[in-house]
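Written below as structure tokens is the structure these notes are about.
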Amino acid sequence: MAKKISILIVDDEESVRDSLYNWFIEDGYRVECSENATKALSMLESDSYDIVLADIKMPGMDGLEMLKRIKSLRKDSIVIIMTAFATVDTAVQALKDGAFDYVTKPFDPDDLSHLIRNASKQISLLEENETLKEKMVSLENVEDLIGTSEAMQQVLREIESVAQSNASVIITGESGTGKELVARAIHANSPRKFFPMVSVHCGALSESLLESELFGHEKGAFTGAVYNRKGRFEMADSGTIFLDEIATISPKMQVELLRVLESKSFVRVGGNKEITSDFRVICATNRDLKTMVEKGLFREDLFYRLNVVNINVPPLRERIEDIPQLVEYFIKKYCISMNKPAMTIETAALKRLEEFPFPGNIRELENMIERAIVVGNGKKISLKDLPLGKTIVNTTVESLDDLEKNHIFQILSKYNWNISVSAKALKVDRVTLYNKIKKYDLKPAK
Amino acid sequence: MNLENITLISFGYFEKGLLELIVDDVEREFSVPVKTREGYLDLSEYYDPARKQYNGNELLKEIETQFATETSKTLGIFNVDLYIPILTYIFGQAFLNGRSGIASIYRLSNERYGIKKDQTTFVDRIRKEVIHELGHTFGLFHCSNPTCVMRSSTYVEDIDQKEHSLCHKCKSDMGVHTL
């Protein structure tokens with residue numbers, strides 16, 4: 001038996017409990033007993049059992065009521081109802097309420113063994129199904145990191161060297177450069193590749209939601225917590241957890257995160273049982289974490305814990321030689337997904353793309369190609385299909401700062417970095433514009 | 001536990017010398033001297049008229065309290081049909097890693113199933129059932145090896161499928177438990 005299946009026997013008759021206990025112990029299962037439903041429910045809250053074998057007639061709460069409560073606690077629990085007085089109505093009711101099976105006492109020894117074997121098979125199928133789903137999610141999104149430029153080759157070399165280790169990685173880079181893709185490449189090349197890679201977009205969640213998302217919660221921990229739920233750290237067991245926009249997490253969460261990274265154990269929100277999980281952590285940010293540490297906005301100890309290895313993904317303007325290859329890749333991708341015949345791009349259009357600064361990086365290029373395929377003539381992408389002269393609305397900008405930075409960059413590019421004209425267009429004075437350029441470290445495109 | 005011997009106690013009417021036929025094999029399997037003797041119990045106390053069977057749980061408790069000793073593994077062998085409350089019948093049961101167990105020869109003979117008597121098969125089944133229950137007292141779980149004597153059996157055909165000896169894994173597991 002690969003994993004020791006645990007069974008909880010709930011029956012008010014001591015002789016039944018003893019009989020089942022002895023029978024299952026001899027089969028090598030982990031077995032515990034309870035003489036009533038109330039005690040069984042509290043045992044189920046503090047520990048997890050794979051199979052619950054419950055009598056239908058018990059003083060106090062009966063087996064059917066207990067079945068409903070178990071199902072509200074853990075939807076996929078395997079509950080087998082036993083009774084000495086079988087009626088079709090109760091059997092049907094038990095199955096309707098989610099019982100795995102219904103058996104009449106006394107049962108044939110062979111039936112009992114079959115029943116538990118089937119239940120164990122169901123448990124392993126459920127677990128396998130969950131793992132495969134996780135794996136599918138992580139595998140289907142793994143795309144090749146495209147680019148032959150020296151900057152990109154350097155990133156690939158760094159991925160290769162760090163993938164095999166267990167070291168924490170921080171991936172830095174501007175918005176839209178493909179940080180999550182780098183994280184997926186690290187995971188896909190690591191020994192953890194057969195286990196899930198779980199992504200959490202920290203910036204998209206409030207503090208309390210993020211806490212529940214990362215650590216999971218027990219039923220009733222807060223309004224709306226109707227089921228026990230595994231957290232992302234628990235789901236990433238044996239795999240990788242990817243924390244995107246790590247710079248946005250609150251000081252309280254920074255403390256919590258540091259504790260989890262150090263002990264690899266945590267408690268679900270509203271729970272009291274310590275859960276351990278073996279995960280590797282990869283973070284991403286478009287902010288300068290070191291500056292945030294200096295300003296006291298990010299914990300120094302957490303920074304050093306996360307920043308064992310730093311991979312910086314270059315912006316697209318620093319790897320323009322990769323643009324033809326990326327364009328080709330996106331044309332192929334969107335022609336297939338939109339069920340359109342294969343398309344190409346006119347040389348002039350490609351040349352203009354190579355000159356464009358792309359403040360939104362690869363994401364912006366991808367959006368541009370997708371749009372061109374939609375509006376184009378279906379054969380060749382031409383200059384008129386590309387919104388190069390206009391401001392491209394980047395729908396995935398994370399923060400107000402990003403929006404401001406991108407807008408200033410667009411205006412500066414439009415007026416060939418003429419500060420006076422750009423400041424006038426932006427309706428700010430020149431000093432303010434200089435300060436903003438310094439703040440966002442803006443430079444003309446090469 | 002300083003184990004000195006295994007004691008096989010027959011309760012009820014047995015053919016004379018039936019247990020003597022299996023002693024050598026039991027000794028060889030567990031490397032412990034095996035003694036046999038007769039025991040006396042008023043079995044009517046354990047009889048359930050509704051089921052027309054004898055309560056295996058109560059009999060096991062009785063063997064544990066009345067016959068088991070600190071220096072011996074004790075197995076009570078009965079010639080009556082045993083049950084436990086949740087099962088229609090059992091061949092035997094034992095305390096896992098404990099001092100005692102019980103086994104029944106009632107369902108082991110061919111005649112019980114309307115087949116011609118076969119004494120060799122009958123003794124062979126008793127031998128396997130006795131070694132199996134004693135195996136539990138030595139801490140062994142049911143084994144997935146199809147020929148190992150610790151393989152779980154619910155029908156006599158299952159008993160016939162296995163050997164009367166422990167597989168390598170069970171032997172090595174038992175070594176751990178008896179240290």
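Numbering starts fresh at 1 for the residues of each chain in the structure tokens, the chains themselves are lettered A, B, ... in the order given, and ligands are numbered from 1 as they appear.
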
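With only C-alpha atoms taken into account, the protein and nucleic acid residues at most 8 Å from Val130 of chain B (excluding it and anything under 2 positions from it in its own chain) are Val26, Leu75, Ala103, Ile126, Arg127, Lys128, His132, Glu133 and Leu134 of chain B.
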
task = Write out as a list in words which residues come within 9 Å of Val123 of chain B when counting only C-alpha atoms, dropping same-chain ones fewer than 3 positions away.
result = Leu18, Leu19, Leu21, Ile22, Leu108, Ser109, Asp118, Gln119, Thr120, Ile126, Arg127 and Lys128 of chain B

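Excluding Val52 of chain A itself and any same-chain residue fewer than 2 positions from it, the protein and nucleic acid residues within 7 Å of it, counting only C-alpha atoms, are Ile7, Leu8, Ile9, Tyr49, Asp50, Ala54, Ile78, Val79 and Ile80 of chain A.
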
Using only N, CA and C atoms, please write the residues we just selected to a file, as an mmCIF file, in the first residue's frame.
```
data_model
loop_
_atom_site.group_PDB
_atom_site.id
_atom_site.type_symbol
_atom_site.label_atom_id
_atom_site.label_comp_id
_atom_site.auth_asym_id
_atom_site.auth_seq_id
_atom_site.Cartn_x
_atom_site.Cartn_y
_atom_site.Cartn_z
ATOM 1 N N ILE A 7 -9.110 5.423 8.169
ATOM 2 C CA ILE A 7 -10.546 5.140 8.263
ATOM 3 C C ILE A 7 -11.058 5.594 9.626
ATOM 4 N N LEU A 8 -12.191 6.283 9.627
ATOM 5 C CA LEU A 8 -12.841 6.655 10.887
ATOM 6 C C LEU A 8 -14.136 5.853 10.987
ATOM 7 N N ILE A 9 -14.254 5.071 12.077
ATOM 8 C CA ILE A 9 -15.454 4.253 12.278
ATOM 9 C C ILE A 9 -16.346 4.953 13.290
ATOM 10 N N TYR A 49 -9.482 12.176 7.493
ATOM 11 C CA TYR A 49 -9.625 10.738 7.284
ATOM 12 C C TYR A 49 -10.054 10.515 5.843
ATOM 13 N N ASP A 50 -9.545 9.449 5.232
ATOM 14 C CA ASP A 50 -9.883 9.189 3.836
ATOM 15 C C ASP A 50 -11.286 8.615 3.712
ATOM 16 N N ALA A 54 -19.926 4.992 8.795
ATOM 17 C CA ALA A 54 -20.809 5.460 9.864
ATOM 18 C C ALA A 54 -22.106 4.679 9.932
ATOM 19 N N ILE A 78 -15.217 10.534 1.489
ATOM 20 C CA ILE A 78 -15.836 9.248 1.156
ATOM 21 C C ILE A 78 -16.539 8.756 2.425
ATOM 22 N N VAL A 79 -17.853 8.718 2.387
ATOM 23 C CA VAL A 79 -18.611 8.262 3.558
ATOM 24 C C VAL A 79 -19.407 7.022 3.170
ATOM 25 N N ILE A 80 -19.267 5.969 3.972
ATOM 26 C CA ILE A 80 -20.025 4.740 3.734
ATOM 27 C C ILE A 80 -20.995 4.578 4.907
#
```

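Among the candidates A:Leu257, A:Leu125, A:Val374, A:Met43, the one nearest to Ser337 of chain A when counting only C-alpha atoms is A:Val374.
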
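Residues from chain B found within 8 Å of chain A are B:Asn57, B:Ile84, B:Pro85, B:Ile86, B:Leu87, B:Thr88, B:Tyr89, B:Ile90, B:Gln93, B:Ala94, B:Phe95, B:Leu96, B:His136, B:Leu140, B:Phe141, B:His142, B:Cys143, B:Ser152, B:Thr154, counting only C-alpha atoms.
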
task = Would you please give, as JSON, numbers by chain, all residues of segment 90-183 of chain A that DSSP assigns to alpha helix (DSSP H) based on the backbone?
result = {"A": [90, 91, 92, 93, 94, 95, 96, 109, 110, 111, 112, 113, 114, 115, 116, 117, 118, 119, 120, 121, 122, 123, 124, 125, 126, 127, 128, 129, 130, 131, 132, 133, 134, 135, 136, 137, 138, 139, 140, 150, 151, 152, 153, 154, 155, 156, 157, 158, 159, 160, 161, 162, 163, 179, 180, 181, 182, 183]}

ask   = What is the distance between atom CA of Val198 of chain A and atom CA of Cys283 of chain A, in Å to one decimal?
value = 11.6 Å

inquiry  = Among segment 149-359 of chain A, which residues does DSSP mark as strand (DSSP E) when it is run on the backbone? Keep the chain and numbering as in the structure and answer as a PyMOL selection string.
reply    = chain A and resi 169-172+197-201+216-217+229-230+240-244+265-267+274-276+280-285+309-312+344-345

Give me a file of those residues, with N, CA and C atoms, as an mmCIF file, in the first residue's frame.
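The file below, selection_19.cif, is the result:
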```cif
data_model
loop_
_atom_site.group_PDB
_atom_site.id
_atom_site.type_symbol
_atom_site.label_atom_id
_atom_site.label_comp_id
_atom_site.auth_asym_id
_atom_site.auth_seq_id
_atom_site.Cartn_x
_atom_site.Cartn_y
_atom_site.Cartn_z
ATOM 1 N N VAL A 169 14.097 32.567 -6.236
ATOM 2 C CA VAL A 169 14.482 33.413 -7.366
ATOM 3 C C VAL A 169 13.573 34.640 -7.396
ATOM 4 N N ILE A 170 14.177 35.802 -7.634
ATOM 5 C CA ILE A 170 13.360 36.987 -7.921
ATOM 6 C C ILE A 170 13.579 37.350 -9.385
ATOM 7 N N ILE A 171 12.471 37.449 -10.102
ATOM 8 C CA ILE A 171 12.561 37.840 -11.508
ATOM 9 C C ILE A 171 12.133 39.303 -11.583
ATOM 10 N N THR A 172 13.019 40.133 -12.078
ATOM 11 C CA THR A 172 12.690 41.548 -12.196
ATOM 12 C C THR A 172 12.583 41.913 -13.669
ATOM 13 N N MET A 197 2.937 23.935 -10.563
ATOM 14 C CA MET A 197 3.437 25.288 -10.344
ATOM 15 C C MET A 197 2.188 26.133 -10.088
ATOM 16 N N VAL A 198 2.133 26.716 -8.937
ATOM 17 C CA VAL A 198 0.943 27.464 -8.534
ATOM 18 C C VAL A 198 1.273 28.954 -8.554
ATOM 19 N N SER A 199 0.484 29.735 -9.309
ATOM 20 C CA SER A 199 0.755 31.175 -9.424
ATOM 21 C C SER A 199 -0.217 31.979 -8.574
ATOM 22 N N VAL A 200 0.299 32.998 -7.927
ATOM 23 C CA VAL A 200 -0.547 33.909 -7.151
ATOM 24 C C VAL A 200 -0.196 35.327 -7.575
ATOM 25 N N HIS A 201 -1.218 36.088 -8.013
ATOM 26 C CA HIS A 201 -0.987 37.477 -8.372
ATOM 27 C C HIS A 201 -1.281 38.333 -7.147
ATOM 28 N N GLY A 216 -4.920 29.071 2.832
ATOM 29 C CA GLY A 216 -6.142 28.287 2.886
ATOM 30 C C GLY A 216 -6.972 28.704 4.081
ATOM 31 N N HIS A 217 -8.148 28.155 4.193
ATOM 32 C CA HIS A 217 -8.974 28.484 5.356
ATOM 33 C C HIS A 217 -9.826 27.305 5.780
ATOM 34 N N ARG A 229 -10.679 24.921 2.701
ATOM 35 C CA ARG A 229 -10.037 25.119 1.407
ATOM 36 C C ARG A 229 -8.533 25.075 1.559
ATOM 37 N N LYS A 230 -7.892 24.351 0.659
ATOM 38 C CA LYS A 230 -6.433 24.285 0.665
ATOM 39 C C LYS A 230 -5.871 25.610 0.186
ATOM 40 N N THR A 240 6.290 24.291 -7.225
ATOM 41 C CA THR A 240 6.797 25.660 -7.152
ATOM 42 C C THR A 240 5.642 26.619 -6.922
ATOM 43 N N ILE A 241 5.862 27.642 -6.105
ATOM 44 C CA ILE A 241 4.862 28.696 -5.985
ATOM 45 C C ILE A 241 5.440 29.958 -6.603
ATOM 46 N N PHE A 242 4.648 30.584 -7.470
ATOM 47 C CA PHE A 242 5.100 31.792 -8.143
ATOM 48 C C PHE A 242 4.298 32.976 -7.606
ATOM 49 N N LEU A 243 4.999 33.895 -6.928
ATOM 50 C CA LEU A 243 4.341 35.056 -6.337
ATOM 51 C C LEU A 243 4.623 36.267 -7.214
ATOM 52 N N ASP A 244 3.613 36.632 -7.999
ATOM 53 C CA ASP A 244 3.787 37.765 -8.915
ATOM 54 C C ASP A 244 3.470 39.060 -8.173
ATOM 55 N N SER A 265 6.097 25.757 7.069
ATOM 56 C CA SER A 265 4.865 25.288 7.695
ATOM 57 C C SER A 265 3.984 26.488 8.014
ATOM 58 N N PHE A 266 2.694 26.244 8.097
ATOM 59 C CA PHE A 266 1.740 27.340 8.301
ATOM 60 C C PHE A 266 0.446 26.768 8.846
ATOM 61 N N VAL A 267 -0.448 27.665 9.241
ATOM 62 C CA VAL A 267 -1.748 27.251 9.763
ATOM 63 C C VAL A 267 -2.805 27.904 8.873
ATOM 64 N N GLU A 274 -1.000 22.657 12.270
ATOM 65 C CA GLU A 274 0.126 23.113 11.459
ATOM 66 C C GLU A 274 0.273 22.215 10.230
ATOM 67 N N ILE A 275 0.381 22.843 9.082
ATOM 68 C CA ILE A 275 0.493 22.094 7.829
ATOM 69 C C ILE A 275 1.884 22.359 7.262
ATOM 70 N N THR A 276 2.555 21.311 6.796
ATOM 71 C CA THR A 276 3.864 21.534 6.186
ATOM 72 C C THR A 276 3.771 21.288 4.682
ATOM 73 N N ARG A 280 9.090 25.396 -3.734
ATOM 74 C CA ARG A 280 10.143 26.328 -4.089
ATOM 75 C C ARG A 280 9.460 27.652 -4.418
ATOM 76 N N VAL A 281 10.072 28.753 -4.022
ATOM 77 C CA VAL A 281 9.411 30.018 -4.254
ATOM 78 C C VAL A 281 10.133 30.829 -5.338
ATOM 79 N N ILE A 282 9.322 31.329 -6.276
ATOM 80 C CA ILE A 282 9.829 32.237 -7.320
ATOM 81 C C ILE A 282 8.941 33.486 -7.260
ATOM 82 N N CYS A 283 9.563 34.656 -7.222
ATOM 83 C CA CYS A 283 8.792 35.898 -7.151
ATOM 84 C C CYS A 283 9.084 36.734 -8.389
ATOM 85 N N ALA A 284 8.180 37.661 -8.637
ATOM 86 C CA ALA A 284 8.428 38.595 -9.734
ATOM 87 C C ALA A 284 7.979 39.983 -9.315
ATOM 88 N N THR A 285 8.661 40.989 -9.827
ATOM 89 C CA THR A 285 8.262 42.361 -9.571
ATOM 90 C C THR A 285 8.788 43.275 -10.673
ATOM 91 N N VAL A 309 18.689 34.361 -5.943
ATOM 92 C CA VAL A 309 19.118 34.540 -7.334
ATOM 93 C C VAL A 309 18.213 35.598 -7.954
ATOM 94 N N ASN A 310 18.793 36.505 -8.711
ATOM 95 C CA ASN A 310 17.993 37.520 -9.381
ATOM 96 C C ASN A 310 18.156 37.379 -10.892
ATOM 97 N N ILE A 311 17.037 37.255 -11.574
ATOM 98 C CA ILE A 311 17.083 37.220 -13.046
ATOM 99 C C ILE A 311 16.366 38.468 -13.541
ATOM 100 N N ASN A 312 17.074 39.267 -14.324
ATOM 101 C CA ASN A 312 16.448 40.474 -14.855
ATOM 102 C C ASN A 312 16.060 40.235 -16.316
ATOM 103 N N THR A 344 1.641 36.648 -43.155
ATOM 104 C CA THR A 344 3.024 37.152 -43.017
ATOM 105 C C THR A 344 2.945 38.648 -42.711
ATOM 106 N N ILE A 345 4.102 39.308 -42.643
ATOM 107 C CA ILE A 345 4.103 40.740 -42.371
ATOM 108 C C ILE A 345 4.937 41.449 -43.454
#
```

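Shortest atom-to-atom contact with Ile63 of chain B among B:Ile115, B:Met150, B:Ile77, B:Ala50: B:Ile77, counting only C-alpha atoms.
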
query = How far is it from atom CA of Arg37 of chain B to atom CA of Asn2 of chain B, in Å with one decimal?
reply = 21.1 Å

request  = Would you mind telling me which residue in A:Ile373, A:Met292, A:Leu302, A:Ile249 lies nearest to Ser206 of chain A when using only C-alpha atoms?
outcome  = A:Ile249

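Here atom CA of Lys71 of chain A stands at a distance of 22.2 Å from atom CA of Lys4 of chain A.
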
request  = Write out as an MDAnalysis selection string which residues come within 9 Å of Asp97 of chain A when counting only C-alpha atoms, dropping same-chain ones fewer than 6 positions away.
outcome  = chainID A and resid 64 67:68 71

Any chance you can output those residues with C-alpha atoms as a PDB file, in the first residue's frame?
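In the end it all went to again.pdb:
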```pdb
ATOM      1  CA  LEU A  64     -27.609  10.791   7.645  1.00  0.00           C
ATOM      2  CA  LEU A  67     -23.189  12.663   6.408  1.00  0.00           C
ATOM      3  CA  LYS A  68     -24.626  16.088   5.459  1.00  0.00           C
ATOM      4  CA  LYS A  71     -20.107  16.840   3.147  1.00  0.00           C
TER       5      LYS A  71
END
```

task = Could you give me, as a list in words, the residues within 8 Å of Thr7 of chain B, counting only C-alpha atoms and dropping anything in the same chain fewer than 2 positions from it?
result = Asn5, Ile9, Val34, Lys35, Thr36, Arg37, Ser72, Lys73, Thr74 and Leu75 of chain B

inquiry  = Set the distance at 12 Å and use only C-alpha atoms: which residues neighbour Ile51 of chain A once local chain neighbours fewer than 3 positions away are removed? I'd like the list as a VMD selection string.
reply    = chain A and resid 4 to 10 24 29 to 33 44 48 54 67 70 74 76 to 81 99 to 101 115 to 124

inquiry  = Counting only C-alpha atoms, which residue out of B:Pro146, B:Asn110, B:Ser153, B:Lys116 sits closest to Phe91 of chain B?
reply    = B:Ser153

key: Residue contacts of segment 348-358 of chain A (6 Å, only C-alpha atoms) excluding same-chain residues fewer than 2 positions away, as number ranges by chain   = A: 317, 320, 346, 360-361, 382-383, 445

Restrict the selected residues to C-alpha atoms and save them as a PDB file, in the first residue's frame.
```
ATOM      1  CA  ARG A 317      13.655  47.941 -26.646  1.00  0.00           C
ATOM      2  CA  ILE A 320      15.022  44.637 -30.899  1.00  0.00           C
ATOM      3  CA  GLU A 346       5.241  43.373 -44.879  1.00  0.00           C
ATOM      4  CA  GLY A 360       4.419  47.873 -22.781  1.00  0.00           C
ATOM      5  CA  ASN A 361       7.089  45.436 -23.984  1.00  0.00           C
ATOM      6  CA  SER A 382       0.698  46.044 -43.405  1.00  0.00           C
ATOM      7  CA  LEU A 383       1.586  49.344 -41.778  1.00  0.00           C
ATOM      8  CA  ALA A 445      14.906  54.044 -27.351  1.00  0.00           C
TER       9      ALA A 445
END
```
